[in-house]
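Colleague: See final_8.txt below, with compact mmCIF, C-alpha atoms.
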```txt
# COMPACT_ATOMS: atom_id res chain seq x y z
CA MET A 120 -70.43 -58.78 -0.84
CA PRO A 121 -67.32 -59.76 1.16
CA THR A 122 -67.59 -62.65 3.60
CA PRO A 123 -68.61 -61.60 7.12
CA ILE A 124 -66.31 -62.15 10.09
CA ASP A 125 -67.47 -64.75 12.60
CA PHE A 126 -67.13 -63.58 16.19
CA TYR A 127 -67.51 -66.52 18.59
CA PHE A 128 -67.78 -65.72 22.27
CA ASP A 129 -68.97 -67.06 25.60
CA PHE A 130 -70.83 -64.39 27.57
CA SER A 131 -68.84 -65.43 30.64
CA SER A 132 -65.57 -64.27 29.07
CA PRO A 133 -64.47 -60.75 30.09
CA TYR A 134 -61.86 -60.65 27.31
CA ALA A 135 -64.74 -61.28 24.87
CA TYR A 136 -66.54 -58.29 26.40
CA LEU A 137 -63.48 -56.14 25.68
CA ALA A 138 -63.28 -57.50 22.12
CA SER A 139 -67.01 -56.97 21.56
CA GLU A 140 -66.46 -53.24 21.91
CA ARG A 141 -63.90 -53.18 19.10
CA ILE A 142 -64.55 -55.88 16.51
CA ASP A 143 -67.34 -54.15 14.57
CA SER A 144 -65.42 -50.92 14.10
CA ILE A 145 -62.35 -52.84 12.93
CA ALA A 146 -64.47 -54.81 10.46
CA SER A 147 -66.36 -51.81 9.16
CA ARG A 148 -63.11 -50.00 8.32
CA HIS A 149 -62.55 -52.83 5.84
CA GLY A 150 -66.14 -53.00 4.56
CA ARG A 151 -66.96 -56.15 6.53
CA GLU A 152 -69.89 -57.23 8.61
CA VAL A 153 -69.51 -59.23 11.84
CA ILE A 154 -71.75 -62.13 12.79
CA TRP A 155 -71.93 -62.49 16.57
CA ARG A 156 -72.15 -66.11 17.66
CA PRO A 157 -72.55 -66.74 21.39
CA TRP A 158 -71.68 -70.34 22.25
CA LEU A 159 -70.97 -72.36 25.36
CA MET A 160 -67.25 -72.82 25.76
CA GLY A 161 -67.43 -75.49 28.47
CA ALA A 162 -67.43 -78.46 26.10
CA ALA A 163 -64.34 -77.16 24.29
CA MET A 164 -62.54 -76.57 27.59
CA LYS A 165 -62.95 -80.26 28.39
CA ILE A 166 -61.35 -81.16 25.06
CA THR A 167 -58.45 -78.73 25.42
CA GLY A 168 -57.93 -79.46 29.12
CA SER A 169 -58.43 -75.80 30.07
CA ALA A 170 -59.45 -74.83 33.59
CA PRO A 171 -61.27 -71.55 34.31
CA LEU A 172 -58.86 -68.70 35.10
CA VAL A 173 -60.21 -68.49 38.66
CA ASP A 174 -59.04 -72.05 39.32
CA ARG A 175 -55.46 -71.36 38.23
CA PRO A 176 -53.08 -70.08 40.92
CA MET A 177 -50.88 -67.12 39.88
CA ILE A 178 -52.64 -66.84 36.51
CA ASN A 179 -55.89 -65.80 38.21
CA ASP A 180 -54.27 -62.88 40.05
CA TYR A 181 -52.40 -61.83 36.93
CA SER A 182 -55.45 -62.02 34.68
CA ARG A 183 -57.57 -59.87 37.01
CA HIS A 184 -54.86 -57.24 36.90
CA ASP A 185 -54.38 -57.63 33.14
CA LEU A 186 -58.12 -57.32 32.49
CA GLU A 187 -58.33 -54.09 34.48
CA ARG A 188 -55.29 -52.73 32.67
CA CYS A 189 -56.71 -53.67 29.25
CA ALA A 190 -60.07 -52.11 30.14
CA ARG A 191 -58.45 -48.86 31.32
CA LEU A 192 -56.39 -48.68 28.15
CA ALA A 193 -59.55 -49.13 26.06
CA GLY A 194 -61.49 -46.64 28.20
CA LEU A 195 -64.09 -49.27 29.10
CA PRO A 196 -65.73 -49.89 32.48
CA LEU A 197 -64.97 -53.30 33.99
CA ARG A 198 -66.61 -54.99 36.95
CA LEU A 199 -66.67 -58.74 37.32
CA PRO A 200 -70.12 -60.08 38.23
CA ASP A 201 -70.86 -62.54 41.01
CA PRO A 202 -70.94 -65.44 40.24
CA PHE A 203 -67.94 -65.44 37.91
CA PRO A 204 -67.39 -67.42 35.76
CA PHE A 205 -71.03 -68.20 35.11
CA ALA A 206 -73.32 -70.27 32.90
CA ALA A 207 -74.29 -68.23 29.85
CA ILE A 208 -77.16 -70.48 28.76
CA ALA A 209 -80.13 -68.13 29.18
CA SER A 210 -78.27 -65.13 27.75
CA SER A 211 -77.01 -67.06 24.71
CA ARG A 212 -80.45 -68.52 23.98
CA ALA A 213 -82.05 -65.08 24.26
CA VAL A 214 -79.72 -63.77 21.54
CA TYR A 215 -80.75 -66.56 19.16
CA LEU A 216 -84.42 -66.01 20.01
CA ILE A 217 -84.15 -62.30 19.19
CA GLU A 218 -82.16 -63.07 16.04
CA ARG A 219 -85.04 -65.28 14.86
CA GLU A 220 -87.78 -62.85 15.91
CA GLU A 221 -86.22 -59.45 15.21
CA GLY A 222 -83.16 -60.08 13.02
CA PRO A 223 -79.40 -59.90 13.49
CA ALA A 224 -79.16 -56.17 14.27
CA ALA A 225 -81.53 -56.49 17.23
CA ALA A 226 -79.68 -59.63 18.35
CA LYS A 227 -76.41 -57.70 18.38
CA THR A 228 -78.00 -54.86 20.33
CA LEU A 229 -79.13 -57.39 22.92
CA ALA A 230 -75.71 -59.04 23.08
CA ARG A 231 -74.10 -55.65 23.73
CA ALA A 232 -76.64 -54.93 26.47
CA LEU A 233 -75.92 -58.31 28.09
CA PHE A 234 -72.14 -57.75 28.00
CA HIS A 235 -72.59 -54.26 29.42
CA ALA A 236 -74.78 -55.53 32.26
CA SER A 237 -72.36 -58.35 33.02
CA PHE A 238 -68.94 -56.72 32.78
CA GLY A 239 -69.69 -53.00 32.53
CA LEU A 240 -71.98 -52.99 35.57
CA GLY A 241 -70.95 -56.29 37.20
CA ARG A 242 -74.49 -57.69 37.38
CA SER A 243 -75.42 -61.35 37.11
CA ILE A 244 -76.94 -62.40 33.78
CA VAL A 245 -77.31 -66.02 34.83
CA GLU A 246 -81.03 -65.97 35.71
CA ALA A 247 -83.58 -66.11 32.88
CA GLU A 248 -85.60 -63.36 34.57
CA ARG A 249 -82.62 -61.00 34.48
CA VAL A 250 -82.01 -61.80 30.85
CA ALA A 251 -85.67 -61.10 30.08
CA ALA A 252 -85.51 -57.76 31.91
CA ILE A 253 -82.37 -56.73 30.02
CA THR A 254 -84.00 -57.75 26.74
CA GLU A 255 -87.06 -55.63 27.55
CA ALA A 256 -84.87 -52.63 28.35
CA ALA A 257 -82.64 -53.08 25.30
CA ILE A 258 -85.15 -53.77 22.54
CA GLY A 259 -88.61 -53.57 24.07
CA SER A 260 -89.56 -57.26 24.05
CA ASP A 261 -92.20 -58.58 26.42
CA PRO A 262 -90.40 -60.40 29.27
CA GLU A 263 -92.98 -63.20 29.25
CA ASP A 264 -92.31 -63.85 25.57
CA ILE A 265 -88.59 -64.01 26.26
CA LEU A 266 -89.01 -66.46 29.13
CA ALA A 267 -91.22 -68.67 26.96
CA GLY A 268 -88.94 -68.35 23.92
CA ILE A 269 -85.70 -69.32 25.62
CA ALA A 270 -87.40 -72.48 26.89
CA GLU A 271 -88.39 -73.54 23.36
CA PRO A 272 -86.74 -76.73 22.09
CA ALA A 273 -85.92 -75.03 18.77
CA ILE A 274 -83.95 -72.27 20.53
CA LYS A 275 -82.14 -74.75 22.78
CA GLU A 276 -81.26 -76.73 19.66
CA ARG A 277 -80.00 -73.63 17.87
CA LEU A 278 -77.49 -72.88 20.67
CA LYS A 279 -76.40 -76.51 20.68
CA GLU A 280 -75.90 -76.44 16.90
CA VAL A 281 -73.76 -73.31 17.07
CA THR A 282 -71.71 -74.78 19.92
CA ASP A 283 -71.17 -78.11 18.15
CA GLY A 284 -70.40 -76.31 14.89
CA ALA A 285 -67.88 -74.05 16.61
CA ILE A 286 -65.95 -77.00 18.02
CA ALA A 287 -66.15 -78.87 14.70
CA GLY A 288 -64.69 -75.76 13.03
CA GLY A 289 -61.72 -75.60 15.42
CA VAL A 290 -63.08 -72.92 17.75
CA PHE A 291 -61.99 -73.55 21.35
CA GLY A 292 -61.67 -70.19 23.11
CA SER A 293 -63.36 -66.85 23.68
CA PRO A 294 -63.17 -64.48 21.96
CA PHE A 295 -62.44 -66.31 18.71
CA PHE A 296 -62.57 -64.84 15.21
CA LEU A 297 -62.79 -66.49 11.79
CA VAL A 298 -61.70 -64.20 8.97
CA ASP A 299 -61.99 -65.80 5.53
CA GLY A 300 -61.23 -69.17 7.14
CA GLU A 301 -58.32 -67.83 9.18
CA ALA A 302 -58.62 -68.42 12.94
CA PHE A 303 -57.61 -65.81 15.54
CA TRP A 304 -57.94 -66.50 19.25
CA GLY A 305 -58.05 -63.84 21.90
CA HIS A 306 -58.70 -60.16 22.45
CA ASP A 307 -54.96 -59.69 21.91
CA ARG A 308 -55.19 -60.83 18.27
CA LEU A 309 -57.47 -57.95 17.21
CA GLU A 310 -54.52 -56.00 15.83
CA GLN A 311 -53.67 -58.99 13.63
CA VAL A 312 -57.31 -59.30 12.55
CA ASP A 313 -57.16 -55.65 11.50
CA LEU A 314 -53.92 -56.20 9.58
CA TRP A 315 -55.20 -59.41 7.99
CA LEU A 316 -58.23 -57.56 6.65
CA GLU A 317 -56.06 -54.71 5.41
CA ARG A 318 -53.51 -56.89 3.64
CA GLY A 319 -55.64 -59.90 2.78
CA GLY A 320 -53.24 -62.07 4.74
CA TRP A 321 -49.45 -62.33 4.89
CA MET B 20 -30.40 -44.37 35.42
CA PRO B 21 -33.91 -45.74 34.83
CA THR B 22 -34.73 -49.22 36.12
CA PRO B 23 -33.99 -51.99 33.62
CA ILE B 24 -36.76 -54.21 32.28
CA ASP B 25 -36.66 -57.83 33.41
CA PHE B 26 -37.22 -60.28 30.57
CA TYR B 27 -37.91 -63.77 31.93
CA PHE B 28 -38.01 -66.63 29.45
CA ASP B 29 -37.70 -70.36 29.10
CA PHE B 30 -35.51 -71.29 26.10
CA SER B 31 -38.12 -73.90 25.16
CA SER B 32 -40.75 -71.21 24.47
CA PRO B 33 -41.07 -70.19 20.80
CA TYR B 34 -43.13 -67.12 21.73
CA ALA B 35 -40.19 -66.05 23.91
CA TYR B 36 -37.94 -66.44 20.86
CA LEU B 37 -40.22 -64.06 18.92
CA ALA B 38 -40.23 -61.61 21.84
CA SER B 39 -36.44 -61.82 22.22
CA GLU B 40 -36.08 -60.26 18.79
CA ARG B 41 -38.12 -57.19 19.76
CA ILE B 42 -37.80 -56.39 23.46
CA ASP B 43 -34.42 -54.64 23.36
CA SER B 44 -35.39 -52.29 20.55
CA ILE B 45 -38.64 -51.41 22.34
CA ALA B 46 -36.75 -50.74 25.56
CA SER B 47 -33.99 -48.70 23.92
CA ARG B 48 -36.53 -46.35 22.31
CA HIS B 49 -37.42 -45.39 25.88
CA GLY B 50 -33.85 -45.28 27.18
CA ARG B 51 -34.13 -48.58 29.03
CA GLU B 52 -31.90 -51.61 29.35
CA VAL B 53 -33.21 -55.17 29.37
CA ILE B 54 -31.93 -57.86 31.70
CA TRP B 55 -32.40 -61.30 30.16
CA ARG B 56 -33.25 -63.96 32.73
CA PRO B 57 -33.58 -67.51 31.45
CA TRP B 58 -35.42 -69.69 33.96
CA LEU B 59 -37.06 -73.09 34.03
CA MET B 60 -40.80 -72.69 33.68
CA GLY B 61 -41.70 -76.29 34.61
CA ALA B 62 -42.10 -75.63 38.33
CA ALA B 63 -44.46 -72.71 37.68
CA MET B 64 -46.51 -74.80 35.25
CA LYS B 65 -47.15 -77.28 38.05
CA ILE B 66 -48.44 -74.46 40.26
CA THR B 67 -50.67 -72.92 37.58
CA GLY B 68 -51.88 -76.29 36.28
CA SER B 69 -50.62 -75.55 32.76
CA ALA B 70 -49.92 -78.37 30.32
CA PRO B 71 -47.46 -77.95 27.44
CA LEU B 72 -49.17 -76.71 24.25
CA VAL B 73 -48.34 -79.98 22.48
CA ASP B 74 -50.46 -81.89 25.02
CA ARG B 75 -53.56 -79.75 24.46
CA PRO B 76 -55.92 -80.87 21.67
CA MET B 77 -57.12 -78.07 19.34
CA ILE B 78 -54.86 -75.51 21.05
CA ASN B 79 -51.75 -77.29 19.78
CA ASP B 80 -52.84 -77.11 16.13
CA TYR B 81 -53.90 -73.51 16.54
CA SER B 82 -50.71 -72.44 18.27
CA ARG B 83 -48.47 -73.97 15.57
CA HIS B 84 -50.39 -71.99 12.98
CA ASP B 85 -50.40 -68.85 15.13
CA LEU B 86 -46.65 -69.10 15.74
CA GLU B 87 -45.93 -69.36 12.02
CA ARG B 88 -48.24 -66.44 11.30
CA CYS B 89 -46.62 -64.30 14.04
CA ALA B 90 -43.14 -65.19 12.74
CA ARG B 91 -44.04 -64.30 9.14
CA LEU B 92 -45.52 -60.99 10.30
CA ALA B 93 -42.30 -60.21 12.18
CA GLY B 94 -40.12 -61.39 9.28
CA LEU B 95 -38.43 -64.00 11.45
CA PRO B 96 -37.51 -67.57 10.52
CA LEU B 97 -39.29 -70.22 12.56
CA ARG B 98 -38.58 -73.93 12.77
CA LEU B 99 -39.51 -76.00 15.79
CA PRO B 100 -36.67 -78.24 16.98
CA ASP B 101 -36.97 -81.93 17.79
CA PRO B 102 -37.51 -82.61 20.67
CA PHE B 103 -40.06 -79.90 21.40
CA PRO B 104 -40.78 -78.83 24.08
CA PHE B 105 -37.38 -79.51 25.61
CA ALA B 106 -35.39 -79.14 28.81
CA ALA B 107 -33.50 -75.85 28.73
CA ILE B 108 -31.17 -76.67 31.62
CA ALA B 109 -27.79 -76.68 29.84
CA SER B 110 -28.63 -73.62 27.73
CA SER B 111 -29.86 -71.60 30.72
CA ARG B 112 -26.84 -72.51 32.83
CA ALA B 113 -24.50 -71.56 29.99
CA VAL B 114 -26.00 -68.07 29.89
CA TYR B 115 -25.37 -67.57 33.62
CA LEU B 116 -21.85 -68.96 33.24
CA ILE B 117 -21.06 -66.49 30.48
CA GLU B 118 -22.70 -63.67 32.42
CA ARG B 119 -20.31 -64.39 35.30
CA GLU B 120 -17.23 -64.87 33.11
CA GLU B 121 -17.76 -62.32 30.33
CA GLY B 122 -20.53 -59.97 31.51
CA PRO B 123 -24.16 -59.35 30.55
CA ALA B 124 -23.57 -58.25 26.95
CA ALA B 125 -21.83 -61.52 26.11
CA ALA B 126 -24.54 -63.44 27.95
CA LYS B 127 -27.17 -61.76 25.82
CA THR B 128 -25.23 -62.53 22.64
CA LEU B 129 -25.14 -66.17 23.67
CA ALA B 130 -28.86 -66.23 24.50
CA ARG B 131 -29.66 -64.83 21.06
CA ALA B 132 -27.45 -67.46 19.43
CA LEU B 133 -29.21 -70.22 21.40
CA PHE B 134 -32.68 -68.94 20.41
CA HIS B 135 -31.58 -68.68 16.79
CA ALA B 136 -30.21 -72.22 16.78
CA SER B 137 -33.33 -73.57 18.44
CA PHE B 138 -36.17 -71.77 16.67
CA GLY B 139 -34.51 -70.04 13.72
CA LEU B 140 -32.74 -73.19 12.53
CA GLY B 141 -34.78 -75.84 14.37
CA ARG B 142 -31.76 -77.50 16.01
CA SER B 143 -31.74 -79.17 19.39
CA ILE B 144 -30.08 -77.19 22.18
CA VAL B 145 -30.78 -79.85 24.80
CA GLU B 146 -27.33 -81.50 24.87
CA ALA B 147 -24.53 -79.78 26.78
CA GLU B 148 -22.15 -80.47 23.87
CA ARG B 149 -24.40 -78.55 21.48
CA VAL B 150 -24.65 -75.66 23.89
CA ALA B 151 -20.86 -75.61 24.21
CA ALA B 152 -20.46 -75.61 20.42
CA ILE B 153 -22.93 -72.74 20.02
CA THR B 154 -21.14 -70.81 22.79
CA GLU B 155 -17.81 -71.30 21.03
CA ALA B 156 -19.28 -70.06 17.75
CA ALA B 157 -21.07 -67.10 19.33
CA ILE B 158 -18.43 -65.69 21.67
CA GLY B 159 -15.30 -67.77 21.25
CA SER B 160 -15.33 -69.68 24.54
CA ASP B 161 -13.46 -72.96 24.87
CA PRO B 162 -16.06 -75.78 24.72
CA GLU B 163 -14.28 -77.69 27.50
CA ASP B 164 -14.55 -74.69 29.79
CA ILE B 165 -18.25 -74.42 29.03
CA LEU B 166 -18.89 -78.09 29.75
CA ALA B 167 -17.02 -77.80 33.05
CA GLY B 168 -18.67 -74.50 33.96
CA ILE B 169 -22.25 -75.58 33.47
CA ALA B 170 -21.62 -78.54 35.77
CA GLU B 171 -20.41 -76.26 38.58
CA PRO B 172 -22.60 -76.22 41.70
CA ALA B 173 -22.48 -72.40 41.78
CA ILE B 174 -23.93 -72.17 38.26
CA LYS B 175 -26.60 -74.76 38.99
CA GLU B 176 -27.47 -72.80 42.12
CA ARG B 177 -27.65 -69.54 40.17
CA LEU B 178 -30.27 -70.94 37.78
CA LYS B 179 -32.23 -72.36 40.70
CA GLU B 180 -32.15 -68.97 42.45
CA VAL B 181 -33.43 -67.14 39.40
CA THR B 182 -36.19 -69.74 38.91
CA ASP B 183 -37.27 -69.62 42.56
CA GLY B 184 -37.08 -65.83 42.55
CA ALA B 185 -39.18 -65.63 39.39
CA ILE B 186 -41.97 -67.70 40.92
CA ALA B 187 -41.76 -65.78 44.21
CA GLY B 188 -42.13 -62.57 42.18
CA GLY B 189 -45.29 -63.79 40.42
CA VAL B 190 -43.65 -64.88 37.16
CA PHE B 191 -45.37 -67.98 35.73
CA GLY B 192 -45.09 -67.84 31.92
CA SER B 193 -42.70 -67.23 29.07
CA PRO B 194 -42.06 -64.63 27.86
CA PHE B 195 -42.74 -62.52 30.95
CA PHE B 196 -41.75 -58.89 31.46
CA LEU B 197 -41.46 -56.79 34.60
CA VAL B 198 -41.51 -53.05 33.90
CA ASP B 199 -41.14 -50.92 37.03
CA GLY B 200 -42.94 -53.64 39.00
CA GLU B 201 -45.70 -54.05 36.40
CA ALA B 202 -46.09 -57.61 35.06
CA PHE B 203 -46.77 -58.38 31.39
CA TRP B 204 -47.18 -61.96 30.18
CA GLY B 205 -46.80 -63.00 26.59
CA HIS B 206 -45.34 -61.97 23.29
CA ASP B 207 -48.71 -60.35 22.60
CA ARG B 208 -48.26 -57.84 25.43
CA LEU B 209 -45.20 -56.18 23.83
CA GLU B 210 -47.34 -53.37 22.42
CA GLN B 211 -48.57 -52.66 25.95
CA VAL B 212 -45.01 -52.79 27.29
CA ASP B 213 -44.10 -50.18 24.68
CA LEU B 214 -47.06 -47.97 25.63
CA TRP B 215 -46.39 -48.41 29.36
CA LEU B 216 -42.85 -47.18 28.88
CA GLU B 217 -44.03 -44.27 26.75
CA ARG B 218 -46.76 -43.11 29.11
CA GLY B 219 -45.36 -44.29 32.43
CA GLY B 220 -48.48 -46.36 32.96
CA TRP B 221 -52.20 -45.68 32.56
```
For the file at hand, write its structure as structure tokens.
Modeller:
Amino acid sequence: MPTPIDFYFDFSSPYAYLASERIDSIASRHGREVIWRPWLMGAAMKITGSAPLVDRPMINDYSRHDLERCARLAGLPLRLPDPFPFAAIASSRAVYLIEREEGPAAAKTLARALFHASFGLGRSIVEAERVAAITEAAIGSDPEDILAGIAEPAIKERLKEVTDGAIAGGVFGSPFFLVDGEAFWGHDRLEQVDLWLERGGW
Amino acid sequence: MPTPIDFYFDFSSPYAYLASERIDSIASRHGREVIWRPWLMGAAMKITGSAPLVDRPMINDYSRHDLERCARLAGLPLRLPDPFPFAAIASSRAVYLIEREEGPAAAKTLARALFHASFGLGRSIVEAERVAAITEAAIGSDPEDILAGIAEPAIKERLKEVTDGAIAGGVFGSPFFLVDGEAFWGHDRLEQVDLWLERGGW
């Protein structure tokens, strides 16, 4: 069984949303699975000295335009939610809760539903109640169970572990891919990920 | 005659070096010319709040690796000069001097020679004497004329005009391309530049 690809993302990253719509089909062409790993990028941004795009004059205007252009090219809907950027704590915890309770396929279904709500429809996924409602719609979970589960210490700890592990492994951006130990940062490295899988490196 | 593509770059940018080896062949497939416009990115970096890659923990290590991987994929030599990053004042002025004295084709030949010296061979192009020697080797100019020319107020003013005009036009990074008014930032947008030219937008 070939090693799965690690797909690290912060739910607040619209470029990760674009990548989330492509990474599994790229991987499957090469007989690979993808493990989706939501994490909280804020701690890494302090280390790298990165400011959110919205706080960067010129780059903010450009990136809005670039995002819309990339989305049109990919045929994907794009609406930025309000607030943006936002804290992806509840949404990330919900994915790890569902992974524990229902397995990785259900967790991925939920992650897709959260990305779609956030950047396809432009709706806030900050509030735990919204996350619970999306989880109910996507995989049928009881909203009360979701609200209780994402407040569990074990689930909080799981997200912290993934986040700490990401940074320890050199992950600092979103989206970020690890392919057989090789790091690729950004939606715009997906073509190289595809080639790397095809050629086994270069 | 279709509008030329504007290719803005800072000579200190290794991603611009990689792009410089591809942009003219992409443009010519679509019957377009490329105007090469060296500028000094430092002023824009202050506006956007961007630090040099070398000053950014994690991102610096990644970008060195990414640069080498991109260069290998493109079949291009890559050696970072010392110092790096560096002040591209003499090299940029020399290009505008040669553009005035010998025309745009000679200026482009010189710019290629400067990029090759800097990132193909890893040699410093900071010193005016080095720039003059590279100009002599590339297009046969007298080194004394180059040293005198790049100290001319008119040439200094020309570089300042291009730099100010770049920022006024929304240019903030390197490489940066303007295609019929559409802005593309980064070596990793060349595929989109190619598609934009093919389709006339999307």
Colleague: List as CSV every residue of chain A that is in contact with chain B, defined as an atom at most 8 Å from one of its atoms (using all atoms listed in the file), together with the nearest atom pair and the distance in Å rounded to one decimal, sorted by chain and then rising number.
Modeller:
```
residue,atom,partner,partner_atom,distance
A:Ile166,CA,B:Pro76,CA,6.4
A:Thr167,CA,B:Pro76,CA,5.0
A:Gly168,CA,B:Arg75,CA,6.4
A:Arg175,CA,B:Thr67,CA,5.1
A:Pro176,CA,B:Thr67,CA,5.0
A:Met177,CA,B:Thr67,CA,6.2
A:Ile178,CA,B:Thr67,CA,6.5
A:Tyr181,CA,B:Ala202,CA,7.8
A:Asp185,CA,B:Phe203,CA,7.8
A:Arg188,CA,B:Trp221,CA,7.7
A:Arg191,CA,B:Trp221,CA,7.1
A:Leu192,CA,B:Trp221,CA,6.8
A:Gly289,CA,B:Met77,CA,6.5
A:Phe291,CA,B:Met77,CA,6.9
A:Ala302,CA,B:Tyr81,CA,7.8
A:Phe303,CA,B:Asp85,CA,7.8
A:Asp307,CA,B:Asp207,CA,6.3
A:Arg308,CA,B:Asp207,CA,7.8
A:Trp321,CA,B:Leu92,CA,6.8
```
Colleague: Select, from A:Glu255, A:Glu263, A:Asp299, A:Glu152, the residue with the minimum atom-to-atom distance to Met120 (chain A), counting only C-alpha atoms.
Modeller: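 Of the candidates, the smallest distance to Met120 (chain A) is held by A:Glu152.
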Colleague: Fewer than 5 positions away in the same chain doesn't count, so skip those; otherwise give me all residues within 8 Å of Gly268 (chain A), counting all atoms listed in the file, as a VMD selection string.
Modeller: chain A and resid 213 216 274
Colleague: One decimal, Å: what's the distance from CA of Phe30 (chain B) over to CA of Ser111 (chain B), could you say?
Modeller: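 Value for the CA of Phe30 (chain B)-CA of Ser111 (chain B) distance: 7.3 Å.
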Colleague: Set the distance at 9 Å and use all atoms listed in the file: which residues neighbour Leu133 (chain B) once local chain neighbours fewer than 4 positions away are removed? I'd like the list as a list of chain:residue names.
Modeller: B:Phe30, B:Ser110, B:Thr128, B:Leu129, B:Ser137, B:Phe138, B:Ile144, B:Val150, B:Ile153, B:Thr154, B:Ala157
Colleague: From the set A:His149, A:Arg249, A:Arg277, A:Arg183, which residue has the shortest atom-to-atom contact distance to Ala236 (chain A), counting only C-alpha atoms?
Modeller: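 The shortest atom-to-atom distance to Ala236 (chain A) comes from A:Arg249.
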Colleague: Just the residues within 7 Å of Arg112 (chain B), please, counting all atoms listed in the file, with nothing from its chain fewer than 2 positions along; format it as a count of residues only.
Modeller: 10
Colleague: At what distance in Å, to one decimal, does CA of Pro171 (chain A) lie from CA of Pro204 (chain A)?
Modeller: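 Interatomic distance here is 7.5 Å.
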Colleague: Just the number, please: distance in Å from CA of Ile24 (chain B) to CA of Leu99 (chain B), one decimal.
Modeller: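 Separating CA of Ile24 (chain B) from CA of Leu99 (chain B) is a distance of 27.5 Å.
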Colleague: For Ser144 (chain A), find every residue with an atom within 12 Å (counting only C-alpha atoms), except residues of its own chain fewer than 6 positions away, and show them as number ranges by chain.
Modeller: A: 124, 138, 150-153, 309, 312-313
Colleague: Select, from B:Leu140, B:Gly200, B:His135, B:Ile45, the residue with the minimum atom-to-atom distance to Thr22 (chain B), counting all atoms listed in the file.
Modeller: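 Checking each candidate against Thr22 (chain B), we get B:Gly200 as the closest.
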Colleague: Give me, as JSON lines, the closest atom pair and its distance (Å, one decimal) for every residue of region 128-209 of chain A within a cut-off of 10 Å of region 217-226 of chain A, counting all atoms listed in the file, rows sorted by chain and rising number.
Modeller:
```
{"residue": "A:Ile154", "atom": "CA", "partner": "A:Pro223", "partner_atom": "CA", "distance": 8.0}
{"residue": "A:Trp155", "atom": "CA", "partner": "A:Ala226", "partner_atom": "CA", "distance": 8.5}
{"residue": "A:Arg156", "atom": "CA", "partner": "A:Ala226", "partner_atom": "CA", "distance": 10.0}
```
Colleague: List the neighbours of Ser293 (chain A) out to 10 Å using all atoms listed in the file; skip same-chain residues closer than 5 positions along the sequence, and give me the result as number ranges by chain.
Modeller: A: 126-136, 138, 157-160, 304-306
Colleague: So that I can look at just that part, could you write region 224-233 of chain A with N, CA, C and O atoms, as a short mmCIF file (atom, residue, chain, number, x, y, z; two decimals), in the first residue's frame?
Modeller:
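This is the output file decode-v7.cif:
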```
data_model
loop_
_atom_site.label_atom_id
_atom_site.label_comp_id
_atom_site.auth_asym_id
_atom_site.auth_seq_id
_atom_site.Cartn_x
_atom_site.Cartn_y
_atom_site.Cartn_z
N ALA A 224 -13.56 8.61 6.06
CA ALA A 224 -14.37 8.99 4.89
C ALA A 224 -15.44 10.01 5.30
O ALA A 224 -15.66 11.01 4.61
N ALA A 225 -16.10 9.76 6.42
CA ALA A 225 -17.12 10.70 6.91
C ALA A 225 -16.48 12.03 7.28
O ALA A 225 -17.05 13.11 7.04
N ALA A 226 -15.28 11.98 7.85
CA ALA A 226 -14.57 13.21 8.22
C ALA A 226 -14.28 14.05 6.97
O ALA A 226 -14.41 15.29 6.98
N LYS A 227 -13.92 13.39 5.90
CA LYS A 227 -13.62 14.11 4.65
C LYS A 227 -14.90 14.70 4.05
O LYS A 227 -14.90 15.82 3.55
N THR A 228 -15.98 13.94 4.13
CA THR A 228 -17.27 14.47 3.67
C THR A 228 -17.65 15.73 4.44
O THR A 228 -18.09 16.73 3.85
N LEU A 229 -17.43 15.70 5.74
CA LEU A 229 -17.72 16.89 6.55
C LEU A 229 -16.82 18.06 6.16
O LEU A 229 -17.27 19.20 6.02
N ALA A 230 -15.54 17.78 5.99
CA ALA A 230 -14.60 18.86 5.64
C ALA A 230 -15.01 19.52 4.32
O ALA A 230 -14.98 20.74 4.17
N ARG A 231 -15.41 18.70 3.35
CA ARG A 231 -15.87 19.26 2.07
C ARG A 231 -17.11 20.13 2.28
O ARG A 231 -17.25 21.19 1.66
N ALA A 232 -18.02 19.66 3.12
CA ALA A 232 -19.25 20.43 3.38
C ALA A 232 -18.91 21.76 4.06
O ALA A 232 -19.53 22.79 3.76
N LEU A 233 -17.94 21.74 4.96
CA LEU A 233 -17.54 22.97 5.65
C LEU A 233 -16.88 23.95 4.66
O LEU A 233 -17.17 25.15 4.67
#
```
